[in-house]
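Enquirer: So that you have it, the file is my_file-v7.pdb, and it contains PDB, C-alpha atoms and all ligand atoms:
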ATOM      1  CA  MET A   1       0.000   0.000   0.000  1.00  0.00           C
ATOM      2  CA  GLY A   2       1.442   3.396  -1.014  1.00  0.00           C
ATOM      3  CA  LEU A   3       1.525   6.326   1.340  1.00  0.00           C
ATOM      4  CA  SER A   4      -0.861   8.411  -0.718  1.00  0.00           C
ATOM      5  CA  GLU A   5      -3.432   5.652  -0.620  1.00  0.00           C
ATOM      6  CA  ILE A   6      -4.230   6.078   3.054  1.00  0.00           C
ATOM      7  CA  GLU A   7      -7.820   7.271   3.476  1.00  0.00           C
ATOM      8  CA  PRO A   8      -8.506  10.346   5.654  1.00  0.00           C
ATOM      9  CA  VAL A   9     -10.522   8.316   8.176  1.00  0.00           C
ATOM     10  CA  GLU A  10      -7.775   5.715   8.390  1.00  0.00           C
ATOM     11  CA  LEU A  11      -5.146   8.417   8.661  1.00  0.00           C
ATOM     12  CA  ALA A  12      -6.964   9.869  11.675  1.00  0.00           C
ATOM     13  CA  SER A  13      -7.414   6.498  13.349  1.00  0.00           C
ATOM     14  CA  THR A  14      -3.792   5.536  12.664  1.00  0.00           C
ATOM     15  CA  LEU A  15      -2.531   8.731  14.262  1.00  0.00           C
ATOM     16  CA  ARG A  16      -4.874   8.268  17.167  1.00  0.00           C
ATOM     17  CA  ASP A  17      -3.493   4.756  17.718  1.00  0.00           C
ATOM     18  CA  VAL A  18       0.120   5.901  17.382  1.00  0.00           C
ATOM     19  CA  GLN A  19      -0.579   8.495  20.059  1.00  0.00           C
ATOM     20  CA  LYS A  20      -2.198   5.845  22.255  1.00  0.00           C
ATOM     21  CA  PHE A  21       0.937   3.729  22.047  1.00  0.00           C
ATOM     22  CA  ASP A  22       3.179   6.705  22.754  1.00  0.00           C
ATOM     23  CA  THR A  23       1.054   7.727  25.735  1.00  0.00           C
ATOM     24  CA  GLU A  24       1.378   4.247  27.153  1.00  0.00           C
ATOM     25  CA  ILE A  25       5.113   4.165  26.403  1.00  0.00           C
ATOM     26  CA  LEU A  26       5.584   7.540  28.094  1.00  0.00           C
ATOM     27  CA  SER A  27       3.705   6.363  31.146  1.00  0.00           C
ATOM     28  CA  ILE A  28       5.934   3.284  31.451  1.00  0.00           C
ATOM     29  CA  ARG A  29       9.035   5.406  30.909  1.00  0.00           C
ATOM     30  CA  ARG A  30       7.928   7.634  33.766  1.00  0.00           C
ATOM     31  CA  GLU A  31       7.566   4.564  35.943  1.00  0.00           C
ATOM     32  CA  ILE A  32      11.047   3.457  34.913  1.00  0.00           C
ATOM     33  CA  ALA A  33      12.419   6.889  35.836  1.00  0.00           C
ATOM     34  CA  VAL A  34      11.294   6.438  39.446  1.00  0.00           C
ATOM     35  CA  LEU A  35      11.904   2.709  39.660  1.00  0.00           C
ATOM     36  CA  GLU A  36      15.143   3.031  41.644  1.00  0.00           C
ATOM     37  CA  ASP A  37      13.325   5.149  44.201  1.00  0.00           C
ATOM     38  CA  LYS A  38      10.417   2.741  44.264  1.00  0.00           C
ATOM     39  CA  HIS A  39      12.784  -0.020  45.313  1.00  0.00           C
ATOM     40  CA  HIS A  40      14.635   2.300  47.758  1.00  0.00           C
ATOM     41  CA  LEU A  41      17.985   1.551  46.122  1.00  0.00           C
ATOM     42  CA  GLY A  42      19.503   4.905  47.068  1.00  0.00           C
ATOM     43  CA  GLU A  43      18.312   4.716  50.666  1.00  0.00           C
ATOM     44  CA  LEU A  44      19.505   1.146  51.104  1.00  0.00           C
ATOM     45  CA  SER A  45      22.892   1.925  49.555  1.00  0.00           C
ATOM     46  CA  SER A  46      23.538   4.813  51.911  1.00  0.00           C
ATOM     47  CA  GLU A  47      22.276   2.750  54.841  1.00  0.00           C
ATOM     48  CA  LEU A  48      24.756   0.040  53.920  1.00  0.00           C
ATOM     49  CA  GLU A  49      27.527   2.575  53.533  1.00  0.00           C
ATOM     50  CA  LYS A  50      26.777   3.955  57.007  1.00  0.00           C
ATOM     51  CA  ALA A  51      26.633   0.491  58.580  1.00  0.00           C
ATOM     52  CA  ARG A  52      29.971  -0.429  56.977  1.00  0.00           C
ATOM     53  CA  ALA A  53      31.586   2.779  58.193  1.00  0.00           C
ATOM     54  CA  SER A  54      30.282   2.118  61.669  1.00  0.00           C
ATOM     55  CA  LEU A  55      31.630  -1.440  61.555  1.00  0.00           C
ATOM     56  CA  ALA A  56      35.058  -0.230  60.441  1.00  0.00           C
ATOM     57  CA  GLU A  57      35.043   2.279  63.304  1.00  0.00           C
ATOM     58  CA  LYS A  58      34.103  -0.398  65.836  1.00  0.00           C
ATOM     59  CA  GLU A  59      36.737  -2.775  64.505  1.00  0.00           C
ATOM     60  CA  ALA A  60      39.435  -0.110  64.690  1.00  0.00           C
ATOM     61  CA  GLU A  61      38.391   0.688  68.248  1.00  0.00           C
ATOM     62  CA  LEU A  62      38.489  -3.003  69.107  1.00  0.00           C
ATOM     63  CA  GLU A  63      41.915  -3.406  67.584  1.00  0.00           C
ATOM     64  CA  ASP A  64      43.253  -0.459  69.605  1.00  0.00           C
ATOM     65  CA  LEU A  65      41.881  -1.802  72.835  1.00  0.00           C
ATOM     66  CA  GLU A  66      43.155  -5.327  72.141  1.00  0.00           C
ATOM     67  CA  LEU A  67      46.603  -3.890  71.530  1.00  0.00           C
ATOM     68  CA  LYS A  68      46.409  -1.893  74.739  1.00  0.00           C
ATOM     69  CA  GLN A  69      45.341  -4.939  76.695  1.00  0.00           C
ATOM     70  CA  HIS A  70      48.060  -7.059  75.204  1.00  0.00           C
ATOM     71  CA  LYS A  71      50.580  -4.462  76.294  1.00  0.00           C
ATOM     72  CA  LEU A  72      49.079  -4.353  79.785  1.00  0.00           C
ATOM     73  CA  ASP A  73      49.221  -8.142  80.047  1.00  0.00           C
ATOM     74  CA  GLY A  74      52.902  -8.019  79.165  1.00  0.00           C
ATOM     75  CA  GLU A  75      53.548  -5.382  81.796  1.00  0.00           C
ATOM     76  CA  LEU A  76      51.629  -7.392  84.360  1.00  0.00           C
ATOM     77  CA  ALA A  77      53.695 -10.488  83.623  1.00  0.00           C
ATOM     78  CA  LEU A  78      56.923  -8.515  84.087  1.00  0.00           C
ATOM     79  CA  LEU A  79      55.644  -7.045  87.316  1.00  0.00           C
ATOM     80  CA  SER A  80      54.672 -10.453  88.704  1.00  0.00           C
ATOM     81  CA  GLU A  81      58.121 -11.739  87.810  1.00  0.00           C
ATOM     82  CA  LYS A  82      59.698  -8.835  89.643  1.00  0.00           C
ATOM     83  CA  ILE A  83      57.511  -9.434  92.712  1.00  0.00           C
ATOM     84  CA  SER A  84      58.464 -13.127  92.750  1.00  0.00           C
ATOM     85  CA  LYS A  85      62.143 -12.230  92.593  1.00  0.00           C
ATOM     86  CA  GLU A  86      61.831  -9.780  95.475  1.00  0.00           C
ATOM     87  CA  GLU A  87      59.875 -12.344  97.491  1.00  0.00           C
ATOM     88  CA  GLU A  88      62.508 -14.994  96.805  1.00  0.00           C
ATOM     89  CA  LYS A  89      65.219 -12.602  97.829  1.00  0.00           C
ATOM     90  CA  MET A  90      63.406 -11.879 101.096  1.00  0.00           C
ATOM     91  CA  MET A  91      62.726 -15.541 101.863  1.00  0.00           C
ATOM     92  CA  SER A  92      66.164 -16.765 100.877  1.00  0.00           C
ATOM     93  CA  GLY A  93      67.560 -15.928 104.269  1.00  0.00           C
ATOM     94  CA  THR A  94      70.623 -14.326 102.745  1.00  0.00           C
ATOM     95  CA  ILE A  95      69.591 -10.831 103.716  1.00  0.00           C
ATOM     96  CA  MET A  96      70.202 -10.312 107.387  1.00  0.00           C
ATOM     97  CA  ASN A  97      70.165  -6.556 107.564  1.00  0.00           C
ATOM     98  CA  PRO A  98      66.725  -5.570 109.033  1.00  0.00           C
ATOM     99  CA  LYS A  99      66.839  -2.214 107.244  1.00  0.00           C
ATOM    100  CA  GLU A 100      67.403  -3.960 103.967  1.00  0.00           C
ATOM    101  CA  LEU A 101      64.591  -6.430 104.713  1.00  0.00           C
ATOM    102  CA  THR A 102      62.214  -3.627 105.545  1.00  0.00           C
ATOM    103  CA  ALA A 103      63.162  -1.913 102.325  1.00  0.00           C
ATOM    104  CA  ILE A 104      62.449  -5.092 100.336  1.00  0.00           C
ATOM    105  CA  GLN A 105      59.139  -5.527 102.150  1.00  0.00           C
ATOM    106  CA  ALA A 106      58.188  -1.994 101.326  1.00  0.00           C
ATOM    107  CA  GLU A 107      59.210  -2.564  97.714  1.00  0.00           C
ATOM    108  CA  ILE A 108      57.100  -5.748  97.534  1.00  0.00           C
ATOM    109  CA  PHE A 109      54.199  -3.910  99.076  1.00  0.00           C
ATOM    110  CA  ALA A 110      54.465  -1.100  96.528  1.00  0.00           C
ATOM    111  CA  LEU A 111      54.784  -3.545  93.635  1.00  0.00           C
ATOM    112  CA  ARG A 112      51.763  -5.542  94.795  1.00  0.00           C
ATOM    113  CA  LYS A 113      49.755  -2.354  95.060  1.00  0.00           C
ATOM    114  CA  LYS A 114      50.809  -1.440  91.556  1.00  0.00           C
ATOM    115  CA  ARG A 115      49.851  -4.939  90.366  1.00  0.00           C
ATOM    116  CA  ASP A 116      46.431  -4.671  91.991  1.00  0.00           C
ATOM    117  CA  GLU A 117      45.829  -1.396  90.188  1.00  0.00           C
ATOM    118  CA  MET A 118      46.909  -2.861  86.894  1.00  0.00           C
ATOM    119  CA  GLU A 119      44.745  -5.905  87.402  1.00  0.00           C
ATOM    120  CA  THR A 120      41.759  -3.698  88.063  1.00  0.00           C
ATOM    121  CA  GLU A 121      42.545  -1.779  84.899  1.00  0.00           C
ATOM    122  CA  ASP A 122      42.927  -5.071  83.045  1.00  0.00           C
ATOM    123  CA  LEU A 123      39.522  -6.241  84.247  1.00  0.00           C
ATOM    124  CA  GLU A 124      37.927  -2.989  83.204  1.00  0.00           C
ATOM    125  CA  GLU A 125      39.452  -3.327  79.793  1.00  0.00           C
ATOM    126  CA  MET A 126      38.201  -6.863  79.467  1.00  0.00           C
ATOM    127  CA  VAL A 127      34.693  -5.677  80.217  1.00  0.00           C
ATOM    128  CA  ALA A 128      35.096  -2.866  77.692  1.00  0.00           C
ATOM    129  CA  LEU A 129      36.437  -5.367  75.143  1.00  0.00           C
ATOM    130  CA  ASP A 130      33.436  -7.616  75.668  1.00  0.00           C
ATOM    131  CA  GLY A 131      31.136  -4.660  75.089  1.00  0.00           C
ATOM    132  CA  LEU A 132      33.019  -3.663  71.950  1.00  0.00           C
ATOM    133  CA  ARG A 133      33.010  -7.204  70.595  1.00  0.00           C
ATOM    134  CA  GLN A 134      29.279  -7.433  71.210  1.00  0.00           C
ATOM    135  CA  GLY A 135      28.704  -4.069  69.563  1.00  0.00           C
ATOM    136  CA  SER A 136      30.864  -4.987  66.622  1.00  0.00           C
ATOM    137  CA  LEU A 137      28.986  -8.258  66.216  1.00  0.00           C
ATOM    138  CA  GLU A 138      25.669  -6.407  66.205  1.00  0.00           C
ATOM    139  CA  VAL A 139      26.885  -3.926  63.596  1.00  0.00           C
ATOM    140  CA  SER A 140      28.266  -6.726  61.439  1.00  0.00           C
ATOM    141  CA  ARG A 141      24.852  -8.435  61.596  1.00  0.00           C
ATOM    142  CA  LEU A 142      23.274  -5.133  60.564  1.00  0.00           C
ATOM    143  CA  VAL A 143      25.704  -4.891  57.638  1.00  0.00           C
ATOM    144  CA  GLU A 144      24.701  -8.387  56.531  1.00  0.00           C
ATOM    145  CA  GLU A 145      21.026  -7.621  56.928  1.00  0.00           C
ATOM    146  CA  VAL A 146      21.137  -4.351  54.984  1.00  0.00           C
ATOM    147  CA  SER A 147      23.401  -5.901  52.394  1.00  0.00           C
ATOM    148  CA  SER A 148      21.039  -8.779  51.690  1.00  0.00           C
ATOM    149  CA  GLY A 149      18.117  -6.341  51.728  1.00  0.00           C
ATOM    150  CA  LEU A 150      19.868  -4.239  49.118  1.00  0.00           C
ATOM    151  CA  GLU A 151      20.639  -7.293  47.044  1.00  0.00           C
ATOM    152  CA  ALA A 152      16.994  -8.388  47.125  1.00  0.00           C
ATOM    153  CA  ALA A 153      15.871  -4.871  46.244  1.00  0.00           C
ATOM    154  CA  ARG A 154      18.317  -4.773  43.329  1.00  0.00           C
ATOM    155  CA  GLU A 155      17.012  -8.071  42.046  1.00  0.00           C
ATOM    156  CA  ALA A 156      13.399  -6.942  42.295  1.00  0.00           C
ATOM    157  CA  TYR A 157      14.343  -3.677  40.585  1.00  0.00           C
ATOM    158  CA  GLY A 158      16.150  -5.547  37.811  1.00  0.00           C
ATOM    159  CA  ARG A 159      13.202  -7.838  37.217  1.00  0.00           C
ATOM    160  CA  GLU A 160      10.742  -4.971  37.081  1.00  0.00           C
ATOM    161  CA  LEU A 161      13.021  -2.893  34.874  1.00  0.00           C
ATOM    162  CA  GLU A 162      13.419  -5.765  32.441  1.00  0.00           C
ATOM    163  CA  GLU A 163       9.682  -6.319  32.400  1.00  0.00           C
ATOM    164  CA  LYS A 164       8.960  -2.659  31.765  1.00  0.00           C
ATOM    165  CA  GLU A 165      11.647  -2.310  29.120  1.00  0.00           C
ATOM    166  CA  GLY A 166      10.240  -5.375  27.406  1.00  0.00           C
ATOM    167  CA  GLU A 167       6.804  -3.813  27.467  1.00  0.00           C
ATOM    168  CA  VAL A 168       8.173  -0.564  26.017  1.00  0.00           C
ATOM    169  CA  ALA A 169       9.932  -2.482  23.238  1.00  0.00           C
ATOM    170  CA  ARG A 170       6.746  -4.399  22.438  1.00  0.00           C
ATOM    171  CA  LEU A 171       4.669  -1.207  22.331  1.00  0.00           C
ATOM    172  CA  GLU A 172       7.279   0.578  20.224  1.00  0.00           C
ATOM    173  CA  ALA A 173       7.250  -2.258  17.717  1.00  0.00           C
ATOM    174  CA  GLU A 174       3.462  -2.130  17.529  1.00  0.00           C
ATOM    175  CA  ARG A 175       3.562   1.632  17.151  1.00  0.00           C
ATOM    176  CA  ASP A 176       6.230   1.499  14.448  1.00  0.00           C
ATOM    177  CA  LYS A 177       4.127  -0.916  12.415  1.00  0.00           C
ATOM    178  CA  LEU A 178       1.498   1.814  12.252  1.00  0.00           C
ATOM    179  CA  LYS A 179       3.965   4.625  11.751  1.00  0.00           C
ATOM    180  CA  VAL A 180       5.287   3.235   8.461  1.00  0.00           C
ATOM    181  CA  ARG A 181       1.872   3.965   6.985  1.00  0.00           C
ATOM    182  CA  LEU A 182       2.284   7.676   7.644  1.00  0.00           C
ATOM    183  CA  ASP A 183       3.988  10.319   5.561  1.00  0.00           C
ATOM    184  CA  PRO A 184       7.511  11.130   6.864  1.00  0.00           C
ATOM    185  CA  ASP A 185       6.694  14.837   7.068  1.00  0.00           C
ATOM    186  CA  LEU A 186       3.671  14.090   9.171  1.00  0.00           C
ATOM    187  CA  ILE A 187       5.735  11.808  11.402  1.00  0.00           C
ATOM    188  CA  GLU A 188       8.255  14.577  11.839  1.00  0.00           C
ATOM    189  CA  ARG A 189       5.520  17.021  12.762  1.00  0.00           C
ATOM    190  CA  TYR A 190       4.000  14.485  15.139  1.00  0.00           C
ATOM    191  CA  GLU A 191       7.312  13.774  16.867  1.00  0.00           C
ATOM    192  CA  LYS A 192       8.128  17.431  17.242  1.00  0.00           C
ATOM    193  CA  LEU A 193       4.757  18.048  18.849  1.00  0.00           C
ATOM    194  CA  LEU A 194       5.193  14.993  21.061  1.00  0.00           C
ATOM    195  CA  ALA A 195       8.428  16.450  22.381  1.00  0.00           C
ATOM    196  CA  GLU A 196       7.097  19.977  22.772  1.00  0.00           C
ATOM    197  CA  LYS A 197       3.674  19.142  24.176  1.00  0.00           C
ATOM    198  CA  ASP A 198       4.653  16.827  27.001  1.00  0.00           C
ATOM    199  CA  GLY A 199       3.893  13.662  25.055  1.00  0.00           C
ATOM    200  CA  LEU A 200       0.531  14.686  23.706  1.00  0.00           C
ATOM    201  CA  ALA A 201       0.532  15.475  19.979  1.00  0.00           C
ATOM    202  CA  VAL A 202      -2.787  14.030  18.819  1.00  0.00           C
ATOM    203  CA  VAL A 203      -5.961  15.001  20.619  1.00  0.00           C
ATOM    204  CA  GLU A 204      -9.664  14.576  20.065  1.00  0.00           C
ATOM    205  CA  ILE A 205     -12.037  17.347  19.144  1.00  0.00           C
ATOM    206  CA  LEU A 206     -14.219  17.410  22.229  1.00  0.00           C
ATOM    207  CA  GLN A 207     -17.949  17.395  21.535  1.00  0.00           C
ATOM    208  CA  GLY A 208     -17.154  18.491  18.030  1.00  0.00           C
ATOM    209  CA  ARG A 209     -16.184  21.973  19.223  1.00  0.00           C
ATOM    210  CA  SER A 210     -13.103  22.270  21.374  1.00  0.00           C
ATOM    211  CA  CYS A 211      -9.490  21.135  21.454  1.00  0.00           C
ATOM    212  CA  GLY A 212      -8.798  18.130  23.663  1.00  0.00           C
ATOM    213  CA  GLY A 213      -5.325  19.528  24.295  1.00  0.00           C
ATOM    214  CA  CYS A 214      -5.666  23.209  25.099  1.00  0.00           C
ATOM    215  CA  ARG A 215      -9.466  23.116  25.631  1.00  0.00           C
ATOM    216  CA  ILE A 216     -10.082  26.246  23.586  1.00  0.00           C
ATOM    217  CA  GLU A 217     -13.398  26.344  21.751  1.00  0.00           C
ATOM    218  CA  PHE A 218     -13.232  26.709  17.995  1.00  0.00           C
ATOM    219  CA  SER A 219     -15.038  29.147  15.766  1.00  0.00           C
ATOM    220  CA  ARG A 220     -18.313  28.300  14.055  1.00  0.00           C
ATOM    221  CA  THR A 221     -16.512  27.946  10.705  1.00  0.00           C
ATOM    222  CA  GLN A 222     -14.049  25.471  12.173  1.00  0.00           C
ATOM    223  CA  ILE A 223     -16.778  23.473  13.849  1.00  0.00           C
ATOM    224  CA  ASP A 224     -18.589  23.244  10.502  1.00  0.00           C
ATOM    225  CA  ARG A 225     -15.409  22.021   8.877  1.00  0.00           C
ATOM    226  CA  PHE A 226     -15.027  19.279  11.480  1.00  0.00           C
ATOM    227  CA  GLN A 227     -18.574  18.161  10.742  1.00  0.00           C
ATOM    228  CA  HIS A 228     -18.189  17.989   7.006  1.00  0.00           C
ATOM    229  CA  GLU A 229     -14.614  16.881   6.505  1.00  0.00           C
ATOM    230  CA  GLU A 230     -12.795  13.704   7.419  1.00  0.00           C
ATOM    231  CA  GLY A 231      -9.160  13.188   8.369  1.00  0.00           C
ATOM    232  CA  ILE A 232      -6.939  15.205  10.618  1.00  0.00           C
ATOM    233  CA  PHE A 233      -7.042  18.879  11.574  1.00  0.00           C
ATOM    234  CA  ARG A 234      -4.771  21.226  13.397  1.00  0.00           C
ATOM    235  CA  CYS A 235      -5.527  23.295  16.474  1.00  0.00           C
ATOM    236  CA  GLU A 236      -4.707  26.882  15.575  1.00  0.00           C
ATOM    237  CA  TYR A 237      -4.000  27.648  19.246  1.00  0.00           C
ATOM    238  CA  CYS A 238      -1.789  24.834  20.503  1.00  0.00           C
ATOM    239  CA  ARG A 239      -0.871  23.413  17.068  1.00  0.00           C
ATOM    240  CA  ARG A 240      -1.711  19.853  18.101  1.00  0.00           C
ATOM    241  CA  ILE A 241      -3.112  17.399  15.576  1.00  0.00           C
ATOM    242  CA  LEU A 242      -6.852  17.055  15.966  1.00  0.00           C
ATOM    243  CA  VAL A 243      -8.854  13.901  15.288  1.00  0.00           C
ATOM    244  CA  LYS A 244     -12.576  13.366  15.476  1.00  0.00           C
TER
HETATM  245 ZN    ZN A 301      -5.380  23.115  21.091  1.00  0.00          ZN
END
Will you turn the file into C-alpha cells for me?
Expert:
Amino acid sequence: MGLSEIEPVELASTLRDVQKFDTEILSIRREIAVLEDKHHLGELSSELEKARASLAEKEAELEDLELKQHKLDGELALLSEKISKEEEKMMSGTIMNPKELTAIQAEIFALRKKRDEMETEDLEEMVALDGLRQGSLEVSRLVEEVSSGLEAAREAYGRELEEKEGEVARLEAERDKLKVRLDPDLIERYEKLLAEKDGLAVVEILQGRSCGGCRIEFSRTQIDRFQHEEGIFRCEYCRRILVK
C-alpha cells in the first residue's frame, strides 16, 4: 500500500493509535524513571555505607583496645616476675640486715599495690572489650542484613526494569508498524509536537467543538469544517493534531 493511498478516516485512526501507544510508552518510561526510588535503592545503599563505616570504626576501636590490653598483660607479667624475685630474695635468708629487709618488704608492698591497680585496669578493659566485641557483632549483623536487603531490592528492581523495558519495546514495535503507513513529514511534525507538548501530539475534538489539548473552543466555521470533513485537523492555538 502506497503512502498516498491512506484514506482520511484511516489516517486519523492511525494517528490516534500511534498516540495511544506513545502515551502508554511515556507512562511506562515515567515509571522506569522512578523505579530506583520505588525499590529504595539509594536509601539502602547509603544505609549500607553507614553500617559499613560504623563497623570499620568499631573494629578499629576493638583493635586499639586489644593492643592496649596485650601491652598491659605483658607489663603485668613482668611485674609479677619482679615481685616473685623480690619475694625470693626476702625468703632466701641471705639478707640479714633488718633495714634492707624492711626496704624489700616496702618494695614488695608497693609492687603488689601497683599490680592490683593494673589488674583492676585489666579487668575494666576486658569488660570494655566484651562490650566492643558485642557491639561490633551487632553492627556486622546489621551490615549483613542491609546488604542482603539491598541485594533483594536490586534483584526486584532488575526484574521490574526488564519487564517494563520489554513492554516498552513491544509497544514501540506495535507503534512502528502503524507509523510506516504515515507520511515522513507528518511523522516529523508528530514527533516534534510529542516532544514539545509533554507527550501529547494528537488530541480529540471534544464534543465536536473544542481542542482536547488546550481546551479552547473553535469558531463556528471550524466546527462546521469538522462536521463535514474527514481526516486530521490542526488546532490553531496549541498546534496539536486534531482527530474526530
Ligand atoms: Zn489546542
Enquirer: List all protein, DNA and RNA residues that have any atom at most 12 Å from ligand ZN 301 (chain A), counting all atoms listed in the file, and write the list as a compact mmCIF listing (two decimals) with C-alpha atoms, keeping the file's coordinate frame.
Expert:
# COMPACT_ATOMS: atom_id res chain seq x y z
CA LEU A 193 4.76 18.05 18.85
CA LYS A 197 3.67 19.14 24.18
CA LEU A 200 0.53 14.69 23.71
CA ALA A 201 0.53 15.48 19.98
CA VAL A 202 -2.79 14.03 18.82
CA VAL A 203 -5.96 15.00 20.62
CA GLU A 204 -9.66 14.58 20.07
CA ILE A 205 -12.04 17.35 19.14
CA LEU A 206 -14.22 17.41 22.23
CA ARG A 209 -16.18 21.97 19.22
CA SER A 210 -13.10 22.27 21.37
CA CYS A 211 -9.49 21.14 21.45
CA GLY A 212 -8.80 18.13 23.66
CA GLY A 213 -5.32 19.53 24.30
CA CYS A 214 -5.67 23.21 25.10
CA ARG A 215 -9.47 23.12 25.63
CA ILE A 216 -10.08 26.25 23.59
CA GLU A 217 -13.40 26.34 21.75
CA PHE A 218 -13.23 26.71 18.00
CA PHE A 233 -7.04 18.88 11.57
CA ARG A 234 -4.77 21.23 13.40
CA CYS A 235 -5.53 23.30 16.47
CA GLU A 236 -4.71 26.88 15.58
CA TYR A 237 -4.00 27.65 19.25
CA CYS A 238 -1.79 24.83 20.50
CA ARG A 239 -0.87 23.41 17.07
CA ARG A 240 -1.71 19.85 18.10
CA ILE A 241 -3.11 17.40 15.58
CA LEU A 242 -6.85 17.06 15.97
CA VAL A 243 -8.85 13.90 15.29
Enquirer: Given the choices A:Glu163, A:Glu5, A:Glu145, A:Asp73, which gets closest to A:Glu119 if the distance is worked out from only C-alpha atoms?
Expert: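 Answer, going by the shortest atom-to-atom distance: A:Asp73.
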Enquirer: Hey, can you check how far atom CA of A:Gln207 sits from atom CA of A:Leu15?
Expert: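 These two atoms are separated by 19.1 Å.
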Enquirer: Using all atoms listed in the file, can you tell me which of A:Gly149, A:Ala77, A:Asp116, A:Ile232 comes closest to A:Leu186?
Expert: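 So, comparing all the options, the nearest one is A:Ile232.
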Enquirer: Find the residues near A:Glu66: any atom within 8 Å, counting all atoms listed in the file, skip ones fewer than 4 places away on the same chain, and give them as a list in words.
Expert: Leu62, His70 and Leu129 of chain A
Enquirer: Work out how far atom CA of A:Arg115 is from atom CA of A:Met91, in Å to one decimal.
Expert: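 The value is 20.3 Å.
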Enquirer: Taking (-13.5, 18.3, 6.7) in the file's coordinates as the center, which residues reach within 12 Å of it, counting only C-alpha atoms, put as a list in words?
Expert: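 Within the cut-off we find Pro8, Val9, Ala12, Gly208, Thr221, Gln222, Ile223, Asp224, Arg225, Phe226, Gln227, His228, Glu229, Glu230, Gly231, Ile232, Phe233, Arg234, Leu242, Val243 and Lys244 of chain A.
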Enquirer: What is the atom CA of A:Lys50-atom CA of A:Glu36 distance in Å, reported with one decimal?
Expert: 19.3 Å
Enquirer: Care to translate the PyMOL selection byres (((chain A and resi 133) around 12) and not hetatm) into actual residues of this file, as an MDAnalysis selection string?
Expert: chainID A and resid 55 58:63 65:66 125:132 134:140
Enquirer: Apply the PyMOL selection byres (((chain A and resi 14) around 12) and not hetatm) to the file shown and report the selected residues as an mmCIF file with C-alpha atoms, keeping the file's coordinate frame.
Expert:
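Okay, this is what ended up in expr-v3.cif:
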data_model
loop_
_atom_site.group_PDB
_atom_site.id
_atom_site.type_symbol
_atom_site.label_atom_id
_atom_site.label_comp_id
_atom_site.auth_asym_id
_atom_site.auth_seq_id
_atom_site.Cartn_x
_atom_site.Cartn_y
_atom_site.Cartn_z
ATOM 1 C CA ILE A 6 -4.230 6.078 3.054
ATOM 2 C CA GLU A 7 -7.820 7.271 3.476
ATOM 3 C CA PRO A 8 -8.506 10.346 5.654
ATOM 4 C CA VAL A 9 -10.522 8.316 8.176
ATOM 5 C CA GLU A 10 -7.775 5.715 8.390
ATOM 6 C CA LEU A 11 -5.146 8.417 8.661
ATOM 7 C CA ALA A 12 -6.964 9.869 11.675
ATOM 8 C CA SER A 13 -7.414 6.498 13.349
ATOM 9 C CA LEU A 15 -2.531 8.731 14.262
ATOM 10 C CA ARG A 16 -4.874 8.268 17.167
ATOM 11 C CA ASP A 17 -3.493 4.756 17.718
ATOM 12 C CA VAL A 18 0.120 5.901 17.382
ATOM 13 C CA GLN A 19 -0.579 8.495 20.059
ATOM 14 C CA LYS A 20 -2.198 5.845 22.255
ATOM 15 C CA PHE A 21 0.937 3.729 22.047
ATOM 16 C CA GLU A 174 3.462 -2.130 17.529
ATOM 17 C CA ARG A 175 3.562 1.632 17.151
ATOM 18 C CA ASP A 176 6.230 1.499 14.448
ATOM 19 C CA LYS A 177 4.127 -0.916 12.415
ATOM 20 C CA LEU A 178 1.498 1.814 12.252
ATOM 21 C CA LYS A 179 3.965 4.625 11.751
ATOM 22 C CA VAL A 180 5.287 3.235 8.461
ATOM 23 C CA ARG A 181 1.872 3.965 6.985
ATOM 24 C CA LEU A 182 2.284 7.676 7.644
ATOM 25 C CA ASP A 183 3.988 10.319 5.561
ATOM 26 C CA LEU A 186 3.671 14.090 9.171
ATOM 27 C CA ILE A 187 5.735 11.808 11.402
ATOM 28 C CA VAL A 202 -2.787 14.030 18.819
ATOM 29 C CA GLY A 231 -9.160 13.188 8.369
ATOM 30 C CA ILE A 232 -6.939 15.205 10.618
ATOM 31 C CA VAL A 243 -8.854 13.901 15.288
#
Enquirer: Can you pull out the residues contacting A:Tyr157? Cut-off 10 Å, using all atoms listed in the file, and skip same-chain residues under 5 positions away; I want them as a list in words.
Expert: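 Once the adjacent positions are removed, what remains is Ile32, Leu35, Glu36, Asp37, Lys38, His39, His40, Leu41, Glu151, Ala152, Glu162 and Glu163 of chain A.
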Enquirer: Smallest atom-to-atom distance to A:Ala51: which of A:Arg141, A:Lys82, A:Lys89, A:Lys68, using all atoms listed in the file?
Expert: A:Arg141
Enquirer: Output the residue selection produced by the PyMOL selection byres (((chain A and resi 27) around 12) and not hetatm) on the file above, formatted as a ChimeraX atom specification.
Expert: /A:20-26,28-34,164-165,167-168,171,198-200
Enquirer: Scan for residues within 12 Å of the point (55.3, -5.6, 84.9) in the coordinates of the file, using all atoms listed in the file, and reply as a PyMOL selection string.
Expert: chain A and resi 71-84+111-112+114-119
